[in-house]
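Participant: Mind looking over this structure? Questions follow.
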Amino acid sequence: MQRSLEVILNALPSLYLGAITTLQLTIVSILLGLVLGSVLAILRLSPSRLVRLGAIAYIDFFRGTPLLAQLFMIYFGLPSLLQGMGIGLKFNQWTAAIFALSLNGAAYIAEIVRAGIQSIELGQREASQSLGLGPLQTLRYVVFPQAFRRMIPPLGNEFISRLKDTSLVAVIGFEELLRRGQLVVAQTYRAFEIYFAVALVYLLLTLLSSQFFSFLERWMNPVEKLKRQALRVHEQES
């Protein structure tokens with residue numbers, strides 16, 4: 001038991017670096033996925049049938065195929081394809097991981113954003129347009145701020161799923177948390193202790209992420225905002 005604890009403690013510095021890399025990879029891919037997913041959601045709601053079909057095709061492809069296959073396609077397949085066309089482009093592990101996670105995540109985030117936009121009452125959009133706001137202005141100033149609050153819980157779930165999905169990029173040698181664990185196992189031959197420690201670190205990251213999004217949801221709740229404002233006024237009067 002003491003030996004197992006010693007092995008885990010010695011592995012913690014390496015696992016810590018892996019956890020930081022995992023968080024960075026998750027945050028960057030979620031932000032890029034949110035931008036692309038928002039564009040896809042708007043295209044998905046376009047009055048043009050051709051545009052809608054293009055967005056649906058993208059979403060269905062990335063939601064309907066394994067992330068690991070997409071990662072291999074980007075890291076191994078795309079450079080090979082481009083090389084056959086005379087273009088010498090090769091992705092490093094970080095770039096391939098970001099591309100795969102962002103493109104895959106955008107398909108899921110697009111549906112979250114679309115559902116959030118459609119949850120806002122049609123009357124609000126009609127009232128905004130009657131006041132002279134165009135469709136994009138209505139989306140920016142009226143619909144999206146309200147929809148974003150409703151999107152926070154599913155976006156939190158997507159963040160946690162994306163965090164765990166980063167473990168897949170270990171197969172291309174990217175040194176995130178799981179890959180760091182594999183390297184430590186190769187040195188110590190203590191697979192159970194190290195992978196147990198890796199699992200605990202993932203659990204800690206998911207719990208902290210869940211708490212953060214719960215706080216963000218409460219903080220953006222209009223009722224909670226009114227309570228905070230009332231509390232500040234009360235403190236000033238006191």
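Following the order of the structure tokens, first chain is A, next is B, and so on, with residues numbered from 1 inside each chain and ligands from 1 in the order they appear.
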Quick one: DSSP alpha helix (DSSP H) residues in range 112-230 of chain A, as an MDAnalysis selection string?

Facilitator: chainID A and resid 112:118 122:130 135:138 144:165 177:188 191:220 222:230

Participant: Write out, as a JSON list (two decimals), in the first residue's frame, the residues just selected, with C-alpha atoms.

Facilitator:
[["chain", "number", "residue", "atom", "x", "y", "z"],
["A", 112, "ILE", "CA", -27.45, 23.32, -28.63],
["A", 113, "VAL", "CA", -27.38, 26.84, -30.09],
["A", 114, "ARG", "CA", -30.23, 26.08, -32.49],
["A", 115, "ALA", "CA", -32.41, 24.77, -29.67],
["A", 116, "GLY", "CA", -31.55, 27.83, -27.56],
["A", 117, "ILE", "CA", -32.50, 30.24, -30.36],
["A", 118, "GLN", "CA", -35.76, 28.43, -31.06],
["A", 122, "LEU", "CA", -41.41, 34.30, -31.75],
["A", 123, "GLY", "CA", -43.28, 37.36, -30.46],
["A", 124, "GLN", "CA", -40.03, 38.88, -29.16],
["A", 125, "ARG", "CA", -38.44, 38.66, -32.59],
["A", 126, "GLU", "CA", -41.51, 40.14, -34.24],
["A", 127, "ALA", "CA", -41.59, 42.99, -31.70],
["A", 128, "SER", "CA", -37.90, 43.72, -32.30],
["A", 129, "GLN", "CA", -38.34, 43.83, -36.04],
["A", 130, "SER", "CA", -41.38, 46.11, -35.66],
["A", 135, "PRO", "CA", -32.74, 40.01, -38.44],
["A", 136, "LEU", "CA", -29.06, 40.04, -37.42],
["A", 137, "GLN", "CA", -29.59, 42.87, -34.92],
["A", 138, "THR", "CA", -32.55, 41.01, -33.44],
["A", 144, "PHE", "CA", -28.90, 35.45, -28.37],
["A", 145, "PRO", "CA", -28.42, 37.07, -24.91],
["A", 146, "GLN", "CA", -31.54, 35.28, -23.64],
["A", 147, "ALA", "CA", -30.79, 32.05, -25.48],
["A", 148, "PHE", "CA", -27.23, 31.91, -24.14],
["A", 149, "ARG", "CA", -28.48, 31.68, -20.55],
["A", 150, "ARG", "CA", -30.58, 28.67, -21.51],
["A", 151, "MET", "CA", -27.64, 27.11, -23.35],
["A", 152, "ILE", "CA", -25.31, 27.10, -20.35],
["A", 153, "PRO", "CA", -26.39, 23.70, -18.86],
["A", 154, "PRO", "CA", -26.04, 21.77, -22.15],
["A", 155, "LEU", "CA", -22.83, 23.66, -22.96],
["A", 156, "GLY", "CA", -21.51, 22.57, -19.56],
["A", 157, "ASN", "CA", -22.32, 18.97, -20.42],
["A", 158, "GLU", "CA", -20.60, 19.38, -23.78],
["A", 159, "PHE", "CA", -17.51, 20.84, -22.07],
["A", 160, "ILE", "CA", -17.29, 17.83, -19.76],
["A", 161, "SER", "CA", -17.77, 15.41, -22.66],
["A", 162, "ARG", "CA", -15.09, 17.23, -24.65],
["A", 163, "LEU", "CA", -12.74, 17.12, -21.66],
["A", 164, "LYS", "CA", -13.05, 13.33, -21.50],
["A", 165, "ASP", "CA", -12.80, 13.03, -25.29],
["A", 177, "LEU", "CA", -3.31, 13.55, -19.27],
["A", 178, "LEU", "CA", -3.84, 9.97, -20.46],
["A", 179, "ARG", "CA", -0.68, 9.93, -22.58],
["A", 180, "ARG", "CA", 1.32, 11.23, -19.61],
["A", 181, "GLY", "CA", -0.09, 8.35, -17.60],
["A", 182, "GLN", "CA", 0.93, 5.87, -20.30],
["A", 183, "LEU", "CA", 4.48, 7.21, -20.28],
["A", 184, "VAL", "CA", 4.68, 6.88, -16.49],
["A", 185, "VAL", "CA", 3.38, 3.30, -16.71],
["A", 186, "ALA", "CA", 6.10, 2.51, -19.27],
["A", 187, "GLN", "CA", 8.68, 3.67, -16.73],
["A", 188, "THR", "CA", 7.25, 2.21, -13.52],
["A", 191, "ALA", "CA", -0.39, 0.25, -14.43],
["A", 192, "PHE", "CA", -3.22, 0.02, -11.88],
["A", 193, "GLU", "CA", -1.95, 2.76, -9.57],
["A", 194, "ILE", "CA", -1.14, 5.18, -12.39],
["A", 195, "TYR", "CA", -4.35, 4.70, -14.35],
["A", 196, "PHE", "CA", -6.33, 4.95, -11.12],
["A", 197, "ALA", "CA", -4.61, 8.28, -10.43],
["A", 198, "VAL", "CA", -5.35, 9.40, -14.01],
["A", 199, "ALA", "CA", -9.03, 8.51, -13.53],
["A", 200, "LEU", "CA", -9.13, 10.50, -10.27],
["A", 201, "VAL", "CA", -7.64, 13.55, -11.99],
["A", 202, "TYR", "CA", -10.28, 13.32, -14.74],
["A", 203, "LEU", "CA", -12.95, 13.02, -12.05],
["A", 204, "LEU", "CA", -11.60, 16.10, -10.27],
["A", 205, "LEU", "CA", -11.57, 18.09, -13.52],
["A", 206, "THR", "CA", -15.14, 17.10, -14.39],
["A", 207, "LEU", "CA", -16.41, 17.94, -10.90],
["A", 208, "LEU", "CA", -14.72, 21.35, -10.96],
["A", 209, "SER", "CA", -16.08, 22.02, -14.45],
["A", 210, "SER", "CA", -19.58, 21.06, -13.34],
["A", 211, "GLN", "CA", -19.35, 23.42, -10.36],
["A", 212, "PHE", "CA", -18.09, 26.25, -12.57],
["A", 213, "PHE", "CA", -20.99, 25.95, -15.03],
["A", 214, "SER", "CA", -23.48, 25.69, -12.17],
["A", 215, "PHE", "CA", -22.07, 28.93, -10.75],
["A", 216, "LEU", "CA", -22.18, 30.56, -14.20],
["A", 217, "GLU", "CA", -25.81, 29.53, -14.63],
["A", 218, "ARG", "CA", -26.75, 31.04, -11.25],
["A", 219, "TRP", "CA", -24.72, 34.18, -11.91],
["A", 220, "MET", "CA", -26.47, 34.80, -15.24],
["A", 222, "PRO", "CA", -31.92, 37.36, -13.96],
["A", 223, "VAL", "CA", -33.56, 36.59, -10.60],
["A", 224, "GLU", "CA", -30.15, 36.11, -9.00],
["A", 225, "LYS", "CA", -28.96, 39.36, -10.59],
["A", 226, "LEU", "CA", -31.87, 41.24, -9.01],
["A", 227, "LYS", "CA", -31.05, 39.68, -5.64],
["A", 228, "ARG", "CA", -27.42, 40.79, -5.92],
["A", 229, "GLN", "CA", -28.46, 44.31, -6.90],
["A", 230, "ALA", "CA", -30.91, 44.50, -4.00]]

Participant: Taking into account only C-alpha atoms, which residue in the set A:Leu25, A:Leu81, A:Leu15, A:Val39 is nearest to Glu111 in chain A?

Facilitator: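 Looking at the shortest contact to Glu111 in chain A, the residue is A:Val39.
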
Participant: In Å to one decimal, how far is CA of Leu101 in chain A from CA of Ser29 in chain A?

Facilitator: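 So the answer is 5.8 Å.
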